[in-house]
file coords28.csv (CSV, C-alpha atoms)
chain,number,residue,atom,x,y,z
A,16,MET,CA,17.5,86.0,123.0
A,17,LYS,CA,19.4,85.4,126.3
A,18,LYS,CA,21.7,83.1,124.4
A,19,LEU,CA,22.5,85.8,121.9
A,20,LEU,CA,23.3,88.3,124.7
A,21,LEU,CA,25.6,85.8,126.3
A,22,LEU,CA,27.5,85.5,123.1
A,23,LEU,CA,27.8,89.2,122.4
A,24,PHE,CA,28.8,90.2,125.9
A,25,PRO,CA,32.4,89.0,125.8
A,26,ILE,CA,32.9,90.8,122.5
A,27,LEU,CA,31.5,94.1,123.7
A,28,PHE,CA,33.7,93.8,126.8
A,29,LEU,CA,36.9,93.2,124.9
A,30,THR,CA,36.0,96.1,122.6
A,31,ALA,CA,35.5,98.4,125.5
A,32,CYS,CA,38.8,97.3,127.0
A,33,LYS,CA,40.6,97.9,123.7
A,34,LYS,CA,39.4,101.5,123.5
A,35,ASP,CA,40.7,102.2,127.0
A,36,SER,CA,44.1,100.5,126.6
A,37,VAL,CA,47.3,102.5,126.0
A,38,ILE,CA,49.2,101.9,122.7
A,39,LEU,CA,52.9,101.3,123.6
A,40,GLU,CA,55.4,102.9,121.2
A,41,GLU,CA,58.4,101.0,120.0
A,42,PRO,CA,61.5,101.9,122.0
A,43,ILE,CA,63.9,104.4,120.3
A,44,LYS,CA,67.0,102.5,119.1
A,45,ALA,CA,70.4,103.7,120.3
A,46,VAL,CA,73.0,103.9,117.6
A,47,LYS,CA,76.8,104.3,117.6
A,48,THR,CA,77.9,107.3,115.5
A,49,ILE,CA,80.9,109.4,114.4
A,50,THR,CA,80.9,113.0,113.3
A,51,ILE,CA,82.3,113.5,109.8
A,52,SER,CA,85.4,115.5,109.5
A,53,GLU,CA,87.8,116.2,106.6
A,54,ASP,CA,90.4,113.6,107.5
A,55,SER,CA,92.2,113.8,104.2
A,56,LYS,CA,92.3,116.3,101.4
A,57,SER,CA,95.8,115.2,100.2
A,58,ASN,CA,95.9,112.3,97.8
A,59,SER,CA,98.2,110.1,99.8
A,60,ARG,CA,98.4,106.5,101.1
A,61,GLN,CA,100.3,104.8,103.9
A,62,ILE,CA,101.4,101.2,103.4
A,63,SER,CA,103.3,99.0,105.9
A,64,GLY,CA,106.5,97.3,104.8
A,65,THR,CA,109.6,95.7,106.0
A,66,VAL,CA,113.1,97.1,106.2
A,67,LYS,CA,115.8,95.1,104.4
A,68,SER,CA,119.4,95.7,103.4
A,69,ALA,CA,119.9,97.2,100.0
A,70,ASP,CA,122.2,94.3,99.1
A,71,GLU,CA,121.3,90.8,100.4
A,72,SER,CA,122.8,87.6,99.3
A,73,ASP,CA,122.1,84.0,100.2
A,74,LEU,CA,125.6,82.4,100.3
A,75,SER,CA,126.1,78.7,99.5
A,76,PHE,CA,128.8,76.4,98.3
A,77,ARG,CA,128.9,75.6,94.6
A,78,VAL,CA,130.0,72.0,95.5
A,79,GLY,CA,128.7,69.6,98.1
A,80,GLY,CA,130.5,67.9,100.9
A,81,ARG,CA,131.2,67.8,104.7
A,82,ILE,CA,131.8,71.1,106.4
A,83,ALA,CA,135.3,71.2,107.9
A,84,SER,CA,135.0,74.6,109.7
A,85,ILE,CA,132.8,77.7,110.0
A,86,LYS,CA,134.6,80.9,110.8
A,87,VAL,CA,131.7,83.3,111.6
A,88,LYS,CA,128.4,83.4,113.4
A,89,ALA,CA,125.2,85.4,113.0
A,90,GLY,CA,125.7,89.1,113.6
A,91,ASP,CA,129.5,89.1,112.8
A,92,LYS,CA,130.7,91.8,110.5
A,93,VAL,CA,132.8,90.6,107.6
A,94,LYS,CA,135.0,92.1,104.8
A,95,LYS,CA,134.9,91.3,101.1
A,96,GLY,CA,137.0,88.2,100.4
A,97,GLU,CA,137.0,87.0,104.0
A,98,THR,CA,136.7,83.3,104.5
A,99,LEU,CA,133.4,82.3,106.0
A,100,ALA,CA,133.4,78.4,105.9
A,101,ILE,CA,135.5,75.6,104.4
A,102,LEU,CA,134.5,72.1,103.2
A,103,GLU,CA,136.7,69.0,103.6
A,104,GLN,CA,139.1,69.1,100.7
A,105,LYS,CA,140.7,65.6,100.5
A,106,GLU,CA,138.5,64.3,97.7
A,107,TYR,CA,138.8,67.5,95.7
A,108,LYS,CA,142.6,67.6,96.1
A,109,PHE,CA,142.7,64.0,94.9
A,110,ALA,CA,140.6,65.0,91.9
A,111,VAL,CA,143.0,67.7,91.0
A,112,GLN,CA,146.0,65.3,91.2
A,113,THR,CA,144.2,62.8,89.1
A,114,THR,CA,143.4,65.3,86.3
A,115,GLN,CA,146.9,66.7,86.4
A,116,ALA,CA,148.3,63.2,85.7
A,117,LYS,CA,145.8,62.7,82.9
A,118,LEU,CA,146.8,66.0,81.4
A,119,ALA,CA,150.5,65.1,81.6
A,120,SER,CA,149.7,61.8,79.9
A,121,ALA,CA,147.7,63.5,77.2
A,122,ARG,CA,150.5,65.9,76.5
A,123,SER,CA,153.0,63.1,76.2
A,124,ASP,CA,150.7,61.3,73.8
A,125,LEU,CA,150.3,64.5,71.8
A,126,LEU,CA,154.1,64.9,71.5
A,127,GLU,CA,154.4,61.3,70.3
A,128,LYS,CA,151.7,61.8,67.7
A,129,SER,CA,153.3,65.1,66.6
A,130,ASP,CA,156.7,63.4,66.0
A,131,ALA,CA,155.0,60.5,64.1
A,132,LEU,CA,153.2,63.0,61.8
A,133,LYS,CA,156.5,64.7,61.1
A,134,ARG,CA,158.1,61.4,60.2
A,135,GLN,CA,155.3,60.4,57.9
A,136,LYS,CA,155.5,63.8,56.1
A,137,ASN,CA,159.2,63.4,55.5
A,138,LEU,CA,158.8,59.9,54.3
A,139,LYS,CA,156.1,61.0,51.9
A,140,LYS,CA,158.4,63.6,50.4
A,141,LYS,CA,160.8,60.7,49.4
A,142,ASP,CA,157.8,58.5,48.3
A,143,PHE,CA,158.6,55.9,50.9
A,144,VAL,CA,155.0,55.9,52.3
A,145,SER,CA,151.6,56.5,50.8
A,146,GLN,CA,149.3,59.5,51.4
A,147,ALA,CA,147.0,57.3,53.4
A,148,SER,CA,149.8,56.8,56.0
A,149,VAL,CA,150.2,60.6,56.3
A,150,ASP,CA,146.4,61.0,56.7
A,151,GLN,CA,146.3,58.4,59.4
A,152,ALA,CA,149.2,60.0,61.3
A,153,ARG,CA,147.4,63.4,61.0
A,154,ALA,CA,144.2,62.0,62.4
A,155,ALA,CA,146.0,60.5,65.3
A,156,TYR,CA,147.6,63.8,66.0
A,157,GLY,CA,144.2,65.6,66.0
A,158,ALA,CA,142.8,63.0,68.4
A,159,ALA,CA,145.8,63.5,70.7
A,160,LYS,CA,145.4,67.3,70.6
A,161,SER,CA,141.7,66.9,71.5
A,162,GLY,CA,142.7,64.7,74.4
A,163,VAL,CA,144.9,67.4,75.7
A,164,ASP,CA,142.1,69.9,75.5
A,165,VAL,CA,139.7,67.6,77.4
A,166,ALA,CA,142.3,66.9,80.1
A,167,ARG,CA,143.1,70.6,80.5
A,168,THR,CA,139.3,71.4,80.9
A,169,ALA,CA,139.0,68.5,83.5
A,170,LEU,CA,141.9,69.9,85.4
A,171,GLN,CA,140.4,73.4,85.4
A,172,ASN,CA,137.1,72.1,86.6
A,173,ALA,CA,138.8,70.1,89.4
A,174,GLN,CA,140.7,73.2,90.5
A,175,ASN,CA,137.6,75.3,90.5
A,176,ASP,CA,135.8,72.7,92.6
A,177,LEU,CA,138.7,72.7,95.1
A,178,SER,CA,138.6,76.5,95.2
A,179,ASN,CA,134.8,76.4,95.7
A,180,THR,CA,135.3,74.4,98.9
A,181,THR,CA,136.1,77.8,100.5
A,182,LEU,CA,133.2,80.1,100.9
A,183,LYS,CA,134.1,83.8,100.9
A,184,ALA,CA,132.2,87.1,101.5
A,185,PRO,CA,131.3,88.7,98.1
A,186,PHE,CA,131.0,92.2,99.8
A,187,ASP,CA,131.4,94.0,103.1
A,188,GLY,CA,128.5,93.3,105.4
A,189,ALA,CA,127.1,91.4,108.4
A,190,ILE,CA,126.0,87.8,108.7
A,191,GLY,CA,122.2,87.9,109.0
A,192,THR,CA,121.6,84.2,109.6
A,193,ARG,CA,123.7,81.0,109.7
A,194,ASN,CA,122.0,77.8,108.6
A,195,ALA,CA,124.7,75.2,108.9
A,196,GLU,CA,127.1,73.7,111.5
A,197,PRO,CA,130.6,72.2,111.3
A,198,PHE,CA,130.9,68.5,110.4
A,199,THR,CA,127.6,68.3,108.7
A,200,GLU,CA,127.0,67.3,105.1
A,201,ILE,CA,125.6,70.0,102.9
A,202,SER,CA,124.6,69.9,99.2
A,203,ALA,CA,125.6,72.3,96.5
A,204,GLY,CA,123.4,75.4,96.4
A,205,LYS,CA,122.0,75.1,99.9
A,206,THR,CA,122.1,78.4,101.8
A,207,VAL,CA,124.7,78.5,104.5
A,208,PHE,CA,124.7,82.2,105.3
A,209,GLU,CA,122.5,85.3,104.6
A,210,LEU,CA,124.8,88.2,104.1
A,211,GLN,CA,123.5,91.8,104.5
A,212,SER,CA,125.3,94.8,103.3
A,213,GLU,CA,126.1,97.6,105.7
A,214,GLY,CA,124.9,101.1,105.2
A,215,SER,CA,122.2,101.4,102.6
A,216,LEU,CA,118.7,100.1,103.4
A,217,LYS,CA,115.5,99.6,101.5
A,218,VAL,CA,111.8,99.0,102.4
A,219,GLU,CA,109.7,96.5,100.6
A,220,VAL,CA,105.9,96.9,100.5
A,221,LEU,CA,103.0,95.4,98.6
A,222,MET,CA,101.1,98.0,96.6
A,223,PRO,CA,97.4,97.3,95.9
A,224,GLU,CA,96.6,96.9,92.2
A,225,THR,CA,94.3,100.0,92.4
A,226,LEU,CA,97.3,102.2,93.2
A,227,ILE,CA,100.2,100.6,91.2
A,228,ARG,CA,99.4,102.7,88.1
A,229,ASP,CA,100.0,105.9,90.1
A,230,VAL,CA,103.6,105.2,91.2
A,231,SER,CA,106.8,105.5,89.1
A,232,HIS,CA,110.5,104.9,89.5
A,233,GLY,CA,112.1,107.8,91.3
A,234,ASP,CA,109.0,109.0,93.1
A,235,ALA,CA,109.7,110.6,96.5
A,236,VAL,CA,108.2,109.1,99.6
A,237,ASN,CA,108.3,109.5,103.4
A,238,VAL,CA,109.1,106.5,105.6
A,239,SER,CA,108.4,106.3,109.3
A,240,PHE,CA,109.0,103.6,111.9
A,241,PRO,CA,106.4,102.6,114.6
A,242,THR,CA,109.2,101.7,117.0
A,243,LEU,CA,111.1,104.9,116.5
A,244,LYS,CA,109.1,108.0,117.5
A,245,ASN,CA,109.3,111.1,115.4
A,246,GLN,CA,111.7,109.5,113.0
A,247,ILE,CA,110.8,110.2,109.4
A,248,ILE,CA,113.2,109.5,106.5
A,249,GLY,CA,112.9,110.4,102.9
A,250,GLY,CA,113.2,107.8,100.1
A,251,ILE,CA,112.7,107.1,96.5
A,252,ILE,CA,111.0,104.2,94.6
A,253,SER,CA,113.8,102.1,93.2
A,254,GLU,CA,111.9,99.0,92.0
A,255,ILE,CA,108.3,98.2,90.9
A,256,GLY,CA,107.3,94.6,90.4
A,257,ALA,CA,105.8,93.6,87.1
A,258,LYS,CA,103.8,90.6,88.5
A,259,ALA,CA,101.3,90.7,91.3
A,260,GLU,CA,101.9,88.6,94.4
A,261,ASN,CA,99.7,88.0,97.5
A,262,GLY,CA,96.2,89.5,97.2
A,263,ASN,CA,96.8,91.0,93.7
A,264,ALA,CA,99.4,93.4,95.2
A,265,PHE,CA,102.6,94.3,93.5
A,266,PRO,CA,106.0,94.4,95.2
A,267,VAL,CA,107.5,97.9,95.4
A,268,LYS,CA,111.0,98.7,96.8
A,269,VAL,CA,111.9,102.0,98.4
A,270,GLU,CA,115.5,103.0,98.8
A,271,LEU,CA,116.1,105.1,101.9
A,272,ALA,CA,118.0,108.4,101.5
A,273,LYS,CA,119.9,107.9,104.7
A,274,THR,CA,120.2,105.4,107.5
A,275,ILE,CA,120.7,105.6,111.2
A,276,ALA,CA,122.0,103.1,113.7
A,277,ASP,CA,118.5,102.4,115.2
A,278,ILE,CA,117.1,101.2,111.9
A,279,ARG,CA,117.8,97.6,111.3
A,280,SER,CA,116.9,95.0,108.8
A,281,GLY,CA,113.5,93.3,109.6
A,282,MET,CA,111.9,96.3,111.3
A,283,THR,CA,108.4,97.4,110.3
A,284,ALA,CA,108.2,100.7,108.3
A,285,GLN,CA,105.3,102.9,107.2
A,286,VAL,CA,105.7,104.3,103.7
A,287,THR,CA,103.6,107.3,102.7
A,288,PHE,CA,103.0,107.6,99.0
A,289,ASN,CA,101.9,111.0,97.6
A,290,PHE,CA,100.0,110.8,94.4
A,291,GLY,CA,100.1,114.2,92.8
A,292,LYS,CA,98.6,117.4,94.2
A,293,ALA,CA,95.9,117.7,96.9
A,294,ASP,CA,92.4,116.9,95.9
A,295,LYS,CA,90.1,119.8,95.1
A,296,ASP,CA,87.1,118.0,96.6
A,297,SER,CA,86.8,117.0,100.2
A,298,VAL,CA,87.6,113.3,100.9
A,299,TYR,CA,86.1,111.7,104.0
A,300,LEU,CA,87.1,108.4,105.5
A,301,ILE,CA,84.3,106.2,106.9
A,302,PRO,CA,84.5,102.7,108.4
A,303,VAL,CA,83.3,99.7,106.4
A,304,THR,CA,80.6,99.1,109.0
A,305,ALA,CA,78.8,102.3,108.0
A,306,LEU,CA,77.6,100.8,104.7
A,307,ASP,CA,74.2,99.3,104.3
A,308,ILE,CA,75.1,96.0,102.7
A,309,ARG,CA,71.5,94.6,102.6
A,310,VAL,CA,70.1,93.4,99.3
A,311,PRO,CA,68.4,96.4,97.7
A,312,SER,CA,64.7,96.3,97.1
A,313,VAL,CA,63.2,96.0,93.6
A,314,ASP,CA,62.7,99.7,93.3
A,315,GLU,CA,66.4,100.5,94.1
A,316,LYS,CA,69.1,100.3,91.5
A,317,MET,CA,72.7,99.2,92.1
A,318,VAL,CA,75.2,101.8,90.8
A,319,LYS,CA,78.9,101.2,90.7
A,320,ASN,CA,80.9,103.0,93.4
A,321,LYS,CA,77.6,104.0,95.1
A,322,ALA,CA,76.4,102.8,98.5
A,323,PRO,CA,73.8,103.7,101.1
A,324,VAL,CA,74.6,105.0,104.6
A,325,PHE,CA,72.5,106.4,107.4
A,326,ILE,CA,73.0,109.7,109.2
A,327,VAL,CA,71.2,111.1,112.3
A,328,ASN,CA,69.1,114.1,111.4
A,329,LYS,CA,67.0,115.5,114.3
A,330,GLY,CA,66.7,112.1,115.9
A,331,ILE,CA,65.7,110.4,112.6
A,332,ALA,CA,67.7,107.9,110.6
A,333,GLU,CA,68.1,109.5,107.2
A,334,LYS,CA,69.5,107.4,104.3
A,335,ARG,CA,72.2,108.9,102.1
A,336,ILE,CA,73.7,107.6,98.9
A,337,VAL,CA,77.5,108.2,98.9
A,338,THR,CA,80.1,107.9,96.2
A,339,ILE,CA,83.1,105.7,97.1
A,340,ARG,CA,86.5,106.4,95.4
A,341,ASP,CA,88.8,103.9,97.0
A,342,ILE,CA,89.5,101.9,100.1
A,343,ARG,CA,92.3,102.4,102.7
A,344,GLY,CA,92.7,99.5,105.0
A,345,ASN,CA,89.3,99.2,106.8
A,346,GLU,CA,88.0,102.6,105.7
A,347,PHE,CA,86.4,103.9,102.5
A,348,GLU,CA,87.1,107.2,100.8
A,349,VAL,CA,83.9,109.1,100.2
A,350,VAL,CA,84.0,112.0,97.7
A,351,ASP,CA,80.2,112.7,97.5
A,352,GLY,CA,77.1,112.4,99.6
A,353,LEU,CA,78.5,113.6,103.0
A,354,LYS,CA,79.6,116.9,104.4
A,355,THR,CA,81.6,118.0,107.4
A,356,GLY,CA,79.5,117.8,110.6
A,357,ASP,CA,77.2,115.0,109.5
A,358,VAL,CA,76.5,112.4,112.2
A,359,LEU,CA,77.1,109.0,110.6
A,360,ILE,CA,75.7,105.8,112.0
A,361,VAL,CA,78.5,103.2,112.1
A,362,ALA,CA,77.0,100.2,113.9
A,363,GLY,CA,73.8,98.3,113.5
A,364,VAL,CA,73.1,99.7,110.1
A,365,PRO,CA,71.5,96.5,108.6
A,366,PHE,CA,68.7,96.8,111.3
A,367,LEU,CA,67.7,100.4,110.5
A,368,ASN,CA,64.9,101.8,108.3
A,369,GLU,CA,64.7,105.2,106.8
A,370,GLY,CA,62.7,107.5,109.0
A,371,GLN,CA,63.2,105.4,112.1
A,372,LYS,CA,63.6,107.3,115.4
A,373,VAL,CA,67.1,106.9,116.9
A,374,LYS,CA,69.2,108.3,119.6
A,375,ILE,CA,72.9,108.5,119.9
A,376,TRP,CA,74.4,105.8,122.1
A,377,GLN,CA,76.3,107.1,125.1
A,378,PRO,CA,78.8,104.8,126.9
A,379,THR,CA,77.9,104.1,130.5
A,380,TYR,CA,81.2,102.8,131.8
A,381,ASN,CA,82.0,106.1,133.5
A,382,THR,CA,78.6,106.3,135.2
A,383,PRO,CA,79.1,105.9,139.0
A,384,ALA,CA,77.6,102.8,140.5
A,385,THR,CA,74.6,103.1,142.9
A,386,ILE,CA,73.8,100.7,145.7
A,387,LYS,CA,70.2,100.2,146.7
A,388,GLN,CA,69.6,100.3,150.5

call {"tool": "encode", "arguments": {"input": "coords28.csv", "output": "structure tokens"}}
result
Amino acid sequence: MKKLLLLLFPILFLTACKKDSVILEEPIKAVKTITISEDSKSNSRQISGTVKSADESDLSFRVGGRIASIKVKAGDKVKKGETLAILEQKEYKFAVQTTQAKLASARSDLLEKSDALKRQKNLKKKDFVSQASVDQARAAYGAAKSGVDVARTALQNAQNDLSNTTLKAPFDGAIGTRNAEPFTEISAGKTVFELQSEGSLKVEVLMPETLIRDVSHGDAVNVSFPTLKNQIIGGIISEIGAKAENGNAFPVKVELAKTIADIRSGMTAQVTFNFGKADKDSVYLIPVTALDIRVPSVDEKMVKNKAPVFIVNKGIAEKRIVTIRDIRGNEFEVVDGLKTGDVLIVAGVPFLNEGQKVKIWQPTYNTPATIKQ
């Protein structure tokens, strides 16, 4: 009996202690939130692009050789027809002289064959030669005539090559870049200058594939410039690419309605595209971090364009299913499931459970420091 009491005593003691102990509640989690507001009722998008000249040309020699001189540098303004660079011309002049001599020789041979054919025809009329002699003279004349044509073409090509040793500006503009130096060898087709036209400018952007169907040639847009405050210029869509480039985005070019001196090629521009009339329904922008991206439970169904989020309702994390229409940068467009004034949780969402007690996180960096004595 004593042994049994000795065994039961520790158990009874622990039971008594358990009844008297205080159950500690789990601390309330602090969450970062934003208050939902109607950031966008207009169906518009803003996409970054780059300013470029409406007319740009990579200038190169059509023939190769050693550069004799370069007349301009980057930033210089030039006129149409102005000489920009010249190759050494000695070899090309020699080629012209050689082909001129060959043409003269071919013409002389043609004259000789022409006279021989005339003689053979006269002799045939008097039956002094056979028809075969006439045919032979005619064939020789034809060959000589072809020789003249070949020599003439060779001379024209040589003259063109000589002319192409001088690189001229195809239109008025400014030298954007210079990629060669005097006395260096350069091959045909290698870019020597980038020439940019003066005056008209364009902006090139990459339009996401989800929006490309909503733009058309001639659509009006607004263009702003981060480095130029309060400067907004109208424009129209002038080109729409038929093939997607980086990230399944299509190249779109916007022609500016006017230009000012402060806008230069290479600057960053923000193009605002307006797709029709304003939306009838409210559109809310929420950050990507607000979505609950955890794998759904067996009881939950995955629905296209639907996603769960959490809002704070009287200190409780309440789950909401929202409808997503599109994405803008790092934000989603929500058209259903939220209303103005909702307090949306935007951080730590994967660690929340529906019905969990939460409190709104308050930054402490403005709290004055206290020093213990």

call {"tool": "residues_around", "arguments": {"input": "coords28.csv", "residues": "Val286 of chain A", "least_positions_apart": "6", "cutoff": "8 Å", "atoms": "all atoms listed in the file", "output": "MDAnalysis selection string"}}
result
chainID A and resid 61:64 236:239

call {"tool": "atom_distance", "arguments": {"input": "coords28.csv", "atom1": "atom CA of Leu99 of chain A", "atom2": "atom CA of Ile190 of chain A"}}
result
9.6 Å

call {"tool": "closest_residue", "arguments": {"input": "coords28.csv", "among": "A:Ile278, A:Ala89, A:Val46, A:Val303", "to": "Ser68 of chain A", "atoms": "all atoms listed in the file"}}
result
A:Ile278

call {"tool": "residues_around", "arguments": {"input": "coords28.csv", "residues": "Leu177 of chain A", "least_positions_apart": "3", "cutoff": "9 Å", "atoms": "only C-alpha atoms", "output": "PDB file with C-alpha atoms, keeping the file's coordinate frame"}}
result
ATOM      1  CA  VAL A  78     130.000  72.000  95.500  1.00  0.00           C
ATOM      2  CA  GLN A 104     139.100  69.100 100.700  1.00  0.00           C
ATOM      3  CA  GLU A 106     138.500  64.300  97.700  1.00  0.00           C
ATOM      4  CA  TYR A 107     138.800  67.500  95.700  1.00  0.00           C
ATOM      5  CA  LYS A 108     142.600  67.600  96.100  1.00  0.00           C
ATOM      6  CA  ALA A 110     140.600  65.000  91.900  1.00  0.00           C
ATOM      7  CA  VAL A 111     143.000  67.700  91.000  1.00  0.00           C
ATOM      8  CA  ASN A 172     137.100  72.100  86.600  1.00  0.00           C
ATOM      9  CA  ALA A 173     138.800  70.100  89.400  1.00  0.00           C
ATOM     10  CA  GLN A 174     140.700  73.200  90.500  1.00  0.00           C
ATOM     11  CA  THR A 180     135.300  74.400  98.900  1.00  0.00           C
ATOM     12  CA  THR A 181     136.100  77.800 100.500  1.00  0.00           C
TER      13      THR A 181
END

call {"tool": "closest_atom_pairs", "arguments": {"input": "coords28.csv", "of": "segment 195-308 of chain A", "to": "segment 360-376 of chain A", "cutoff": "8 Å", "atoms": "all atoms listed in the file", "output": "CSV"}}
result
residue,atom,partner,partner_atom,distance
A:Pro302,CA,A:Val361,CA,7.1
A:Thr304,CA,A:Val361,CA,5.6
A:Ala305,CA,A:Val361,CA,4.2
A:Leu306,CA,A:Val364,CA,7.1
A:Asp307,CA,A:Pro365,CA,5.8
A:Ile308,CA,A:Pro365,CA,6.9

call {"tool": "closest_residue", "arguments": {"input": "coords28.csv", "among": "A:Lys139, A:Val267, A:Leu243, A:Val207", "to": "Arg228 of chain A", "atoms": "only C-alpha atoms"}}
result
A:Val267

call {"tool": "closest_residue", "arguments": {"input": "coords28.csv", "among": "A:Asn345, A:Ser178, A:Asn261, A:Asn194", "to": "Leu300 of chain A", "atoms": "only C-alpha atoms"}}
result
A:Asn345
